[in-house]
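Note: the block below is work.cif and it holds mmCIF, C-alpha atoms.
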data_work
loop_
_atom_site.label_atom_id
_atom_site.label_comp_id
_atom_site.auth_asym_id
_atom_site.auth_seq_id
_atom_site.Cartn_x
_atom_site.Cartn_y
_atom_site.Cartn_z
CA MET A 44 -91.97 189.24 -63.65
CA PRO A 45 -94.42 192.14 -63.10
CA VAL A 46 -97.31 189.63 -63.16
CA LEU A 47 -95.52 187.51 -60.57
CA ILE A 48 -95.10 190.50 -58.25
CA LEU A 49 -98.69 191.61 -58.87
CA VAL A 50 -100.09 188.16 -58.02
CA LEU A 51 -97.92 188.01 -54.90
CA LEU A 52 -98.99 191.45 -53.67
CA ALA A 53 -102.68 190.83 -54.43
CA SER A 54 -102.61 187.46 -52.66
CA LEU A 55 -100.81 188.87 -49.62
CA ALA A 56 -103.27 191.77 -49.48
CA LEU A 57 -106.24 189.38 -49.68
CA GLY A 58 -104.86 187.28 -46.83
CA VAL A 59 -104.41 190.32 -44.60
CA LEU A 60 -107.78 191.86 -45.53
CA LEU A 61 -109.60 188.65 -44.60
CA THR A 62 -108.47 189.06 -40.99
CA LEU A 63 -109.89 192.60 -40.89
CA MET A 64 -113.45 191.63 -41.79
CA PRO A 65 -116.05 192.75 -39.24
CA ALA A 66 -117.46 189.99 -37.05
CA ALA A 67 -120.99 191.19 -37.94
CA TRP A 68 -120.61 190.01 -41.54
CA PRO A 69 -122.78 187.02 -42.40
CA LEU A 70 -119.80 185.18 -43.89
CA ARG A 71 -116.59 184.49 -42.01
CA GLY A 72 -113.30 185.65 -43.55
CA GLY A 73 -112.27 182.10 -44.34
CA TRP A 74 -115.35 181.49 -46.48
CA VAL A 75 -114.98 184.83 -48.26
CA GLY A 76 -111.39 183.85 -49.05
CA VAL A 77 -112.54 180.48 -50.43
CA LEU A 78 -115.07 182.22 -52.69
CA VAL A 79 -112.45 184.64 -54.00
CA MET A 80 -109.90 181.85 -54.60
CA VAL A 81 -112.43 179.62 -56.36
CA ALA A 82 -113.60 182.53 -58.57
CA ALA A 83 -109.99 183.42 -59.40
CA ALA A 84 -109.24 179.77 -60.23
CA TRP A 85 -112.26 179.55 -62.58
CA ALA A 86 -111.24 182.80 -64.31
CA THR A 87 -107.65 181.56 -64.66
CA ARG A 88 -108.79 178.19 -66.01
CA ARG A 89 -110.99 179.96 -68.60
CA ARG A 90 -108.12 182.23 -69.65
CA TRP A 91 -105.79 179.25 -70.09
CA LEU A 92 -108.46 177.47 -72.14
CA LEU A 93 -108.68 180.50 -74.43
CA LEU A 94 -104.88 180.66 -74.75
CA ALA A 95 -104.88 177.02 -75.97
CA ASP A 96 -101.33 176.20 -77.16
CA ALA A 97 -99.91 179.38 -75.63
CA ALA A 98 -101.18 178.41 -72.17
CA PRO A 99 -98.59 177.46 -69.54
CA GLY A 100 -97.67 173.79 -69.08
CA SER A 101 -98.93 171.54 -66.28
CA PRO A 102 -96.22 172.29 -63.68
CA GLU A 103 -96.44 176.03 -64.30
CA ARG A 104 -100.22 176.00 -63.81
CA ALA A 105 -99.85 174.17 -60.51
CA LEU A 106 -97.15 176.64 -59.47
CA TRP A 107 -99.33 179.69 -60.15
CA ILE A 108 -102.19 178.34 -58.06
CA GLY A 109 -99.84 177.11 -55.34
CA PHE A 110 -98.00 180.43 -55.27
CA ALA A 111 -101.18 182.50 -54.90
CA GLY A 112 -102.79 180.08 -52.44
CA THR A 113 -99.70 179.89 -50.22
CA ALA A 114 -99.42 183.69 -50.23
CA VAL A 115 -103.08 184.09 -49.17
CA VAL A 116 -102.85 181.50 -46.38
CA GLY A 117 -99.43 182.72 -45.23
CA ALA A 118 -100.46 186.39 -45.14
CA HIS A 119 -103.63 185.45 -43.27
CA LEU A 120 -101.63 183.47 -40.69
CA PHE A 121 -99.09 186.29 -40.36
CA ALA A 122 -101.85 188.87 -39.81
CA ILE A 123 -103.51 186.62 -37.20
CA LEU A 124 -100.23 186.23 -35.30
CA TYR A 125 -99.64 189.99 -35.50
CA ARG A 126 -103.11 190.70 -34.10
CA ILE A 127 -102.80 188.17 -31.28
CA GLY A 128 -99.32 189.35 -30.30
CA PRO A 129 -96.33 187.45 -28.93
CA ASN A 130 -98.19 185.81 -26.03
CA MET A 131 -100.36 183.53 -28.13
CA VAL A 132 -102.17 180.85 -26.15
CA MET A 133 -103.61 177.86 -27.96
CA HIS A 134 -107.19 176.61 -27.58
CA THR A 135 -109.04 179.82 -26.79
CA ASP A 136 -112.29 180.66 -28.63
CA ALA A 137 -110.71 183.58 -30.52
CA VAL A 138 -107.68 181.56 -31.63
CA HIS A 139 -109.91 178.63 -32.61
CA ALA A 140 -112.07 180.91 -34.79
CA LEU A 141 -109.03 182.35 -36.58
CA GLY A 142 -107.49 178.89 -36.89
CA ILE A 143 -110.68 177.57 -38.51
CA ASP A 144 -110.59 180.50 -40.93
CA ASN A 145 -106.99 179.67 -41.81
CA TRP A 146 -107.71 175.97 -42.39
CA THR A 147 -110.77 176.95 -44.44
CA LEU A 148 -108.41 178.97 -46.65
CA VAL A 149 -106.13 175.93 -46.97
CA ALA A 150 -109.15 173.93 -48.18
CA GLY A 151 -109.99 176.77 -50.60
CA ALA A 152 -106.46 176.72 -51.99
CA LEU A 153 -106.74 172.96 -52.60
CA ILE A 154 -110.10 173.40 -54.36
CA ALA A 155 -108.61 176.21 -56.49
CA HIS A 156 -105.71 173.90 -57.37
CA TRP A 157 -108.17 171.21 -58.47
CA ILE A 158 -110.19 173.66 -60.58
CA ALA A 159 -107.23 175.17 -62.42
CA ARG A 160 -105.22 171.95 -62.84
CA ASP A 161 -104.17 170.82 -66.28
CA PRO A 162 -106.70 168.19 -67.41
CA GLU A 163 -103.92 166.46 -69.31
CA PRO A 164 -100.86 166.79 -67.06
CA ARG A 165 -97.44 166.47 -68.67
CA GLN A 166 -93.98 167.29 -67.40
CA ASP A 167 -90.47 166.45 -68.46
CA GLU A 168 -86.77 166.82 -67.72
CA ARG A 169 -86.78 170.61 -68.24
CA ASP A 170 -89.50 170.98 -65.62
CA ALA A 171 -87.44 168.77 -63.31
CA ALA A 172 -84.36 170.97 -63.87
CA ILE A 173 -86.39 174.10 -63.09
CA ALA A 174 -87.82 172.38 -59.99
CA VAL A 175 -84.27 171.70 -58.77
CA ALA A 176 -83.38 175.38 -59.14
CA GLY A 177 -86.51 176.34 -57.17
CA LEU A 178 -85.77 173.82 -54.44
CA ARG A 179 -82.20 175.09 -54.13
CA ALA A 180 -83.38 178.69 -53.75
CA ALA A 181 -86.01 177.60 -51.21
CA HIS A 182 -83.42 175.60 -49.27
CA TYR A 183 -81.08 178.56 -48.89
CA GLY A 184 -83.97 180.93 -48.17
CA LEU A 185 -85.28 178.65 -45.44
CA MET A 186 -81.81 178.23 -43.94
CA LEU A 187 -81.46 182.02 -43.81
CA LEU A 188 -84.86 182.49 -42.16
CA LEU A 189 -84.16 179.75 -39.61
CA ALA A 190 -80.74 181.22 -38.83
CA VAL A 191 -82.33 184.63 -38.19
CA GLN A 192 -84.99 183.04 -35.96
CA ILE A 193 -82.50 180.93 -34.03
CA LEU A 194 -80.21 183.92 -33.43
CA ALA A 195 -83.13 186.15 -32.46
CA LEU A 196 -84.56 183.60 -30.04
CA GLY A 197 -81.16 182.87 -28.54
CA PHE A 198 -79.74 186.35 -28.18
CA VAL A 199 -82.56 188.91 -28.05
CA GLN A 200 -83.54 189.32 -24.39
CA ARG A 201 -85.83 192.33 -24.66
CA GLY A 202 -88.91 193.47 -26.55
CA TRP A 203 -91.58 191.29 -28.14
CA ILE A 204 -89.14 188.60 -29.29
CA ALA A 205 -88.27 187.79 -25.68
CA GLN A 206 -92.00 187.47 -24.88
CA LEU A 207 -92.80 184.94 -27.62
CA SER A 208 -94.78 181.98 -26.32
CA HIS A 209 -94.12 178.44 -27.55
CA PRO A 210 -97.21 178.44 -29.83
CA SER A 211 -96.06 181.77 -31.33
CA ILE A 212 -92.60 180.33 -32.04
CA ALA A 213 -94.18 177.20 -33.56
CA HIS A 214 -96.35 179.32 -35.84
CA ALA A 215 -93.36 181.45 -36.82
CA LEU A 216 -91.69 178.23 -37.94
CA ILE A 217 -94.78 177.34 -40.00
CA LEU A 218 -94.55 180.78 -41.60
CA SER A 219 -90.90 180.14 -42.45
CA VAL A 220 -91.83 176.90 -44.20
CA MET A 221 -94.52 178.78 -46.14
CA ALA A 222 -91.97 181.45 -47.06
CA GLY A 223 -89.73 178.64 -48.33
CA LEU A 224 -92.60 177.40 -50.51
CA LEU A 225 -93.11 180.91 -51.88
CA ILE A 226 -89.40 181.17 -52.71
CA ASP A 227 -89.54 177.79 -54.47
CA HIS A 228 -92.66 178.59 -56.48
CA GLY A 229 -91.56 182.18 -57.17
CA THR A 230 -88.14 181.10 -58.44
CA ARG A 231 -89.61 178.45 -60.72
CA LEU A 232 -92.27 180.82 -62.10
CA TRP A 233 -89.57 183.43 -62.70
CA LEU A 234 -87.51 180.87 -64.66
CA TYR A 235 -90.54 179.91 -66.77
CA ALA A 236 -91.34 183.61 -67.33
CA ARG A 237 -87.75 184.30 -68.40
CA ASP A 238 -88.01 181.54 -71.01
CA ALA A 239 -91.33 182.93 -72.23
CA VAL A 240 -89.87 186.44 -72.59
CA GLN A 241 -86.97 185.09 -74.63
CA GLU A 242 -89.46 183.11 -76.71
CA ASN A 243 -91.40 186.28 -77.53
CA VAL A 244 -88.20 188.19 -78.35
CA ALA A 245 -87.06 185.37 -80.64
CA MET B 198 -79.33 181.81 -70.98
CA THR B 199 -78.42 180.23 -74.31
CA SER B 200 -77.21 176.70 -74.69
CA PRO B 201 -73.84 176.01 -76.39
CA VAL B 202 -75.65 173.31 -78.36
CA GLY B 203 -77.49 174.26 -81.54
CA ASN B 204 -80.00 172.11 -83.42
CA HIS B 205 -81.95 171.64 -86.64
CA VAL B 206 -85.18 170.60 -84.92
CA ARG B 207 -87.30 173.36 -86.41
CA ARG B 208 -86.09 172.65 -89.96
CA LEU B 209 -86.52 168.90 -89.52
CA ARG B 210 -90.07 169.38 -88.25
CA PHE B 211 -90.97 171.26 -91.40
CA GLU B 212 -89.24 168.68 -93.56
CA HIS B 213 -91.35 165.99 -91.89
CA GLY B 214 -94.76 167.16 -93.05
CA GLU B 215 -94.69 170.41 -91.08
CA MET B 216 -94.95 168.48 -87.85
CA SER B 217 -96.23 170.74 -85.07
CA GLN B 218 -94.25 171.38 -81.90
CA ASP B 219 -96.99 169.68 -79.91
CA ALA B 220 -96.96 166.61 -82.16
CA LEU B 221 -93.19 166.25 -81.77
CA ALA B 222 -93.49 166.81 -78.01
CA ARG B 223 -96.06 164.03 -77.76
CA ARG B 224 -93.96 161.67 -79.87
CA VAL B 225 -90.97 162.02 -77.52
CA GLY B 226 -92.98 162.38 -74.29
CA ILE B 227 -92.18 165.95 -73.31
CA THR B 228 -94.04 169.27 -73.22
CA ARG B 229 -94.47 171.68 -76.13
CA GLN B 230 -92.76 174.34 -74.01
CA THR B 231 -89.59 172.24 -73.88
CA ILE B 232 -89.58 171.86 -77.68
CA VAL B 233 -89.91 175.66 -77.87
CA ALA B 234 -86.98 176.05 -75.46
CA ILE B 235 -84.83 173.54 -77.41
CA GLU B 236 -85.57 175.19 -80.76
CA GLY B 237 -84.82 178.59 -79.26
CA GLY B 238 -81.46 177.32 -78.02
CA ARG B 239 -82.36 177.96 -74.40
CA TYR B 240 -82.30 174.36 -73.29
CA ALA B 241 -79.88 171.55 -74.12
CA PRO B 242 -81.70 168.22 -73.85
CA SER B 243 -80.30 165.19 -72.10
CA LEU B 244 -78.60 162.59 -74.27
CA GLU B 245 -81.63 160.31 -73.99
CA LEU B 246 -84.05 163.03 -75.10
CA ALA B 247 -81.71 164.10 -77.92
CA MET B 248 -81.63 160.49 -79.14
CA ARG B 249 -85.41 160.22 -78.97
CA ILE B 250 -85.84 163.43 -81.00
CA ALA B 251 -83.29 162.29 -83.55
CA HIS B 252 -85.05 158.91 -83.77
CA VAL B 253 -88.37 160.60 -84.66
CA PHE B 254 -86.66 162.20 -87.67
CA GLY B 255 -84.80 159.00 -88.56
CA ARG B 256 -81.44 160.70 -88.06
CA GLY B 257 -78.45 160.36 -85.79
CA VAL B 258 -77.97 162.74 -82.86
CA ASP B 259 -75.08 164.46 -84.68
CA ASP B 260 -77.38 165.26 -87.59
CA VAL B 261 -79.82 167.06 -85.31
CA PHE B 262 -77.61 168.61 -82.61
CA PHE B 263 -74.26 170.34 -83.00
CA TRP B 264 -71.85 172.54 -81.09
CA LEU B 265 -72.31 176.26 -81.77
CA GLU B 266 -68.66 176.67 -80.83
CA PRO B 267 -66.25 173.77 -80.60
CA PRO B 268 -65.73 172.87 -76.93
CA ARG B 269 -62.32 173.67 -75.45
CA ASP B 270 -60.22 170.67 -74.50
CA VAL B 271 -59.78 170.31 -70.75
#
Let me see whether you can do it: turn the structure in this file into structure tokens.
Amino acid sequence: MPVLILVLLASLALGVLLTLMPAAWPLRGGWVGVLVMVAAAWATRRRWLLLADAAPGSPERALWIGFAGTAVVGAHLFAILYRIGPNMVMHTDAVHALGIDNWTLVAGALIAHWIARDPEPRQDERDAAIAVAGLRAAHYGLMLLLAVQILALGFVQRGWIAQLSHPSIAHALILSVMAGLLIDHGTRLWLYARDAVQENVA
Amino acid sequence: MTSPVGNHVRRLRFEHGEMSQDALARRVGITRQTIVAIEGGRYAPSLELAMRIAHVFGRGVDDVFFWLEPPRDV
């Protein structure tokens, strides 16, 4: 569990930091993020190779990379939206640049997933049962987030919520879906970790 | 979370040439982690998986899996 929280916080911090990089830097934030994610994926792959039989199974490996990648991309998107403010307008140069950075990070997350994937993927009914538990948690989490958004949009008539443009609302919905993914992956990783702790105790 | 179903999988593995968890997992088409969870009593396999595991050891399901406490009649 502490590792899960640590990975989440580090990934969220990376996503936010990438939006704060000075424009004078030779590399854009998106590319820096890709380099960090690829390096982390190589290091993780090497560690799992060394662990051999004690390494996590195929679904758990995919979950770790997906969890970290989603957190980086989501935090980056959140920080972009925060910087732009509630009156976001699509198709301006600044928004395009940040959007390209965000999509570059998505590509980086996919590359990281490919690097750290299990070369001999296997999954079974226990993984499916854990996946169901994750999906259920994500479903209720997403419903809660959407309910809060719907109520806020419908009933809050003042402040920044009332000023939200359509693109801002659309991106808030994307963030909710990403939060749902994080809940799904986080729940499943927690269930795997709980099993591993009991295994060590036994 | 412990399952109400116990098993002799670990003992049977050792009685069958000290078969490794990974070897058994491959024979029945599941992951080593699931064998670990079954042996630790944290996961009760489906009937199909229980039958496949029992088949590897040449036993019936009842010889491999058992109730830790008799189920209450409903």
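Evaluated against this file, the PyMOL selection byres ((chain A and resi 168) around 9) yields Gln166, Asp167, Arg169, Asp170, Ala171, Ala172 and Ile173 of chain A; Ile227, Thr231, Pro242, Ser243 and Leu246 of chain B.
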Contact set, chain B to chain A: 12 Å, only C-alpha atoms, as number ranges by chain: B: 198-199, 217-220, 222-223, 225-247
Picked residues, the PyMOL selection byres ((chain A and resi 61-70) around 9), as a ChimeraX atom specification: /A:56-60,71-76,119-120,122-123,126,141,144
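If you look at CA of Met133 in chain A and CA of Val115 in chain A, they are 22.1 Å away from each other.
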Length of the CA of Leu194 in chain A to CA of Thr230 in chain A vector [Å]: 26.4 Å
Pairwise distance for CA of Ile48 in chain A and CA of Ile193 in chain A, rounded to one decimal in Å: 28.9 Å
Residues near Val202 in chain B, cut-off 7 Å, only C-alpha atoms, skip fewer than 4 positions along chain, as a ChimeraX atom specification: /B:241,262-265
Could those selected residues go to a file with C-alpha atoms, as a PDB file, in the coordinates of the input?
ATOM      1  CA  ALA B 241     -79.880 171.550 -74.120  1.00  0.00           C
ATOM      2  CA  PHE B 262     -77.610 168.610 -82.610  1.00  0.00           C
ATOM      3  CA  PHE B 263     -74.260 170.340 -83.000  1.00  0.00           C
ATOM      4  CA  TRP B 264     -71.850 172.540 -81.090  1.00  0.00           C
ATOM      5  CA  LEU B 265     -72.310 176.260 -81.770  1.00  0.00           C
TER       6      LEU B 265
END
Non-local contacts of Val175 in chain A (10 Å; all atoms listed in the file; under 6 positions in same chain excluded) as a PyMOL selection string: chain A and resi 169+181+227+231
Within-8 Å shell of (-88.3, 178.2, -33.2) in input frame, only C-alpha atoms, as an MDAnalysis selection string: chainID A and resid 189 192:193 196 212:213 215:216
Non-local contacts of Val220 in chain A (12 Å; all atoms listed in the file; under 2 positions in same chain excluded) as a ChimeraX atom specification: /A:113-114,117,181-189,213-218,222-227
Close residues, Arg208 in chain B itself excluded, 12 Å, only C-alpha atoms, min 2 positions apart in chain, as a ChimeraX atom specification: /B:204-206,210-218,236,254,260-262
Writing out the chosen residues with C-alpha atoms as an mmCIF file, keeping the file's coordinate frame:
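Generated file (again06.cif):
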data_model
loop_
_atom_site.group_PDB
_atom_site.id
_atom_site.type_symbol
_atom_site.label_atom_id
_atom_site.label_comp_id
_atom_site.auth_asym_id
_atom_site.auth_seq_id
_atom_site.Cartn_x
_atom_site.Cartn_y
_atom_site.Cartn_z
ATOM 1 C CA ASN B 204 -80.000 172.110 -83.420
ATOM 2 C CA HIS B 205 -81.950 171.640 -86.640
ATOM 3 C CA VAL B 206 -85.180 170.600 -84.920
ATOM 4 C CA ARG B 210 -90.070 169.380 -88.250
ATOM 5 C CA PHE B 211 -90.970 171.260 -91.400
ATOM 6 C CA GLU B 212 -89.240 168.680 -93.560
ATOM 7 C CA HIS B 213 -91.350 165.990 -91.890
ATOM 8 C CA GLY B 214 -94.760 167.160 -93.050
ATOM 9 C CA GLU B 215 -94.690 170.410 -91.080
ATOM 10 C CA MET B 216 -94.950 168.480 -87.850
ATOM 11 C CA SER B 217 -96.230 170.740 -85.070
ATOM 12 C CA GLN B 218 -94.250 171.380 -81.900
ATOM 13 C CA GLU B 236 -85.570 175.190 -80.760
ATOM 14 C CA PHE B 254 -86.660 162.200 -87.670
ATOM 15 C CA ASP B 260 -77.380 165.260 -87.590
ATOM 16 C CA VAL B 261 -79.820 167.060 -85.310
ATOM 17 C CA PHE B 262 -77.610 168.610 -82.610
#
For the point (-112.0, 181.8, -56.6) in file coordinates, what residues are within 12 Å, counting all atoms listed in the file? Give the answer as a PDB file with C-alpha atoms, in the frame of the given file?
ATOM      1  CA  SER A  54    -102.610 187.460 -52.660  1.00  0.00           C
ATOM      2  CA  LEU A  57    -106.240 189.380 -49.680  1.00  0.00           C
ATOM      3  CA  TRP A  74    -115.350 181.490 -46.480  1.00  0.00           C
ATOM      4  CA  VAL A  75    -114.980 184.830 -48.260  1.00  0.00           C
ATOM      5  CA  GLY A  76    -111.390 183.850 -49.050  1.00  0.00           C
ATOM      6  CA  VAL A  77    -112.540 180.480 -50.430  1.00  0.00           C
ATOM      7  CA  LEU A  78    -115.070 182.220 -52.690  1.00  0.00           C
ATOM      8  CA  VAL A  79    -112.450 184.640 -54.000  1.00  0.00           C
ATOM      9  CA  MET A  80    -109.900 181.850 -54.600  1.00  0.00           C
ATOM     10  CA  VAL A  81    -112.430 179.620 -56.360  1.00  0.00           C
ATOM     11  CA  ALA A  82    -113.600 182.530 -58.570  1.00  0.00           C
ATOM     12  CA  ALA A  83    -109.990 183.420 -59.400  1.00  0.00           C
ATOM     13  CA  ALA A  84    -109.240 179.770 -60.230  1.00  0.00           C
ATOM     14  CA  TRP A  85    -112.260 179.550 -62.580  1.00  0.00           C
ATOM     15  CA  ALA A  86    -111.240 182.800 -64.310  1.00  0.00           C
ATOM     16  CA  THR A  87    -107.650 181.560 -64.660  1.00  0.00           C
ATOM     17  CA  ARG A  88    -108.790 178.190 -66.010  1.00  0.00           C
ATOM     18  CA  ILE A 108    -102.190 178.340 -58.060  1.00  0.00           C
ATOM     19  CA  ALA A 111    -101.180 182.500 -54.900  1.00  0.00           C
ATOM     20  CA  GLY A 112    -102.790 180.080 -52.440  1.00  0.00           C
ATOM     21  CA  VAL A 115    -103.080 184.090 -49.170  1.00  0.00           C
ATOM     22  CA  LEU A 148    -108.410 178.970 -46.650  1.00  0.00           C
ATOM     23  CA  ALA A 150    -109.150 173.930 -48.180  1.00  0.00           C
ATOM     24  CA  GLY A 151    -109.990 176.770 -50.600  1.00  0.00           C
ATOM     25  CA  ALA A 152    -106.460 176.720 -51.990  1.00  0.00           C
ATOM     26  CA  LEU A 153    -106.740 172.960 -52.600  1.00  0.00           C
ATOM     27  CA  ILE A 154    -110.100 173.400 -54.360  1.00  0.00           C
ATOM     28  CA  ALA A 155    -108.610 176.210 -56.490  1.00  0.00           C
ATOM     29  CA  HIS A 156    -105.710 173.900 -57.370  1.00  0.00           C
ATOM     30  CA  TRP A 157    -108.170 171.210 -58.470  1.00  0.00           C
ATOM     31  CA  ILE A 158    -110.190 173.660 -60.580  1.00  0.00           C
ATOM     32  CA  ALA A 159    -107.230 175.170 -62.420  1.00  0.00           C
TER      33      ALA A 159
END
Kindly provide, as AutoDock Vina command-line options, the centre and edge lengths (Å, one decimal) of an axis-aligned box around all atoms of range 189-204 of chain A given in the file, with 6 Å on each side.
--center_x -85.7 --center_y 186.6 --center_z -32.0 --size_x 23.8 --size_y 25.7 --size_z 27.2
Pick from A:Trp146, A:Pro210, A:Met221, A:Asp161, whichever lies nearest to Leu92 in chain A using only C-alpha atoms: A:Asp161
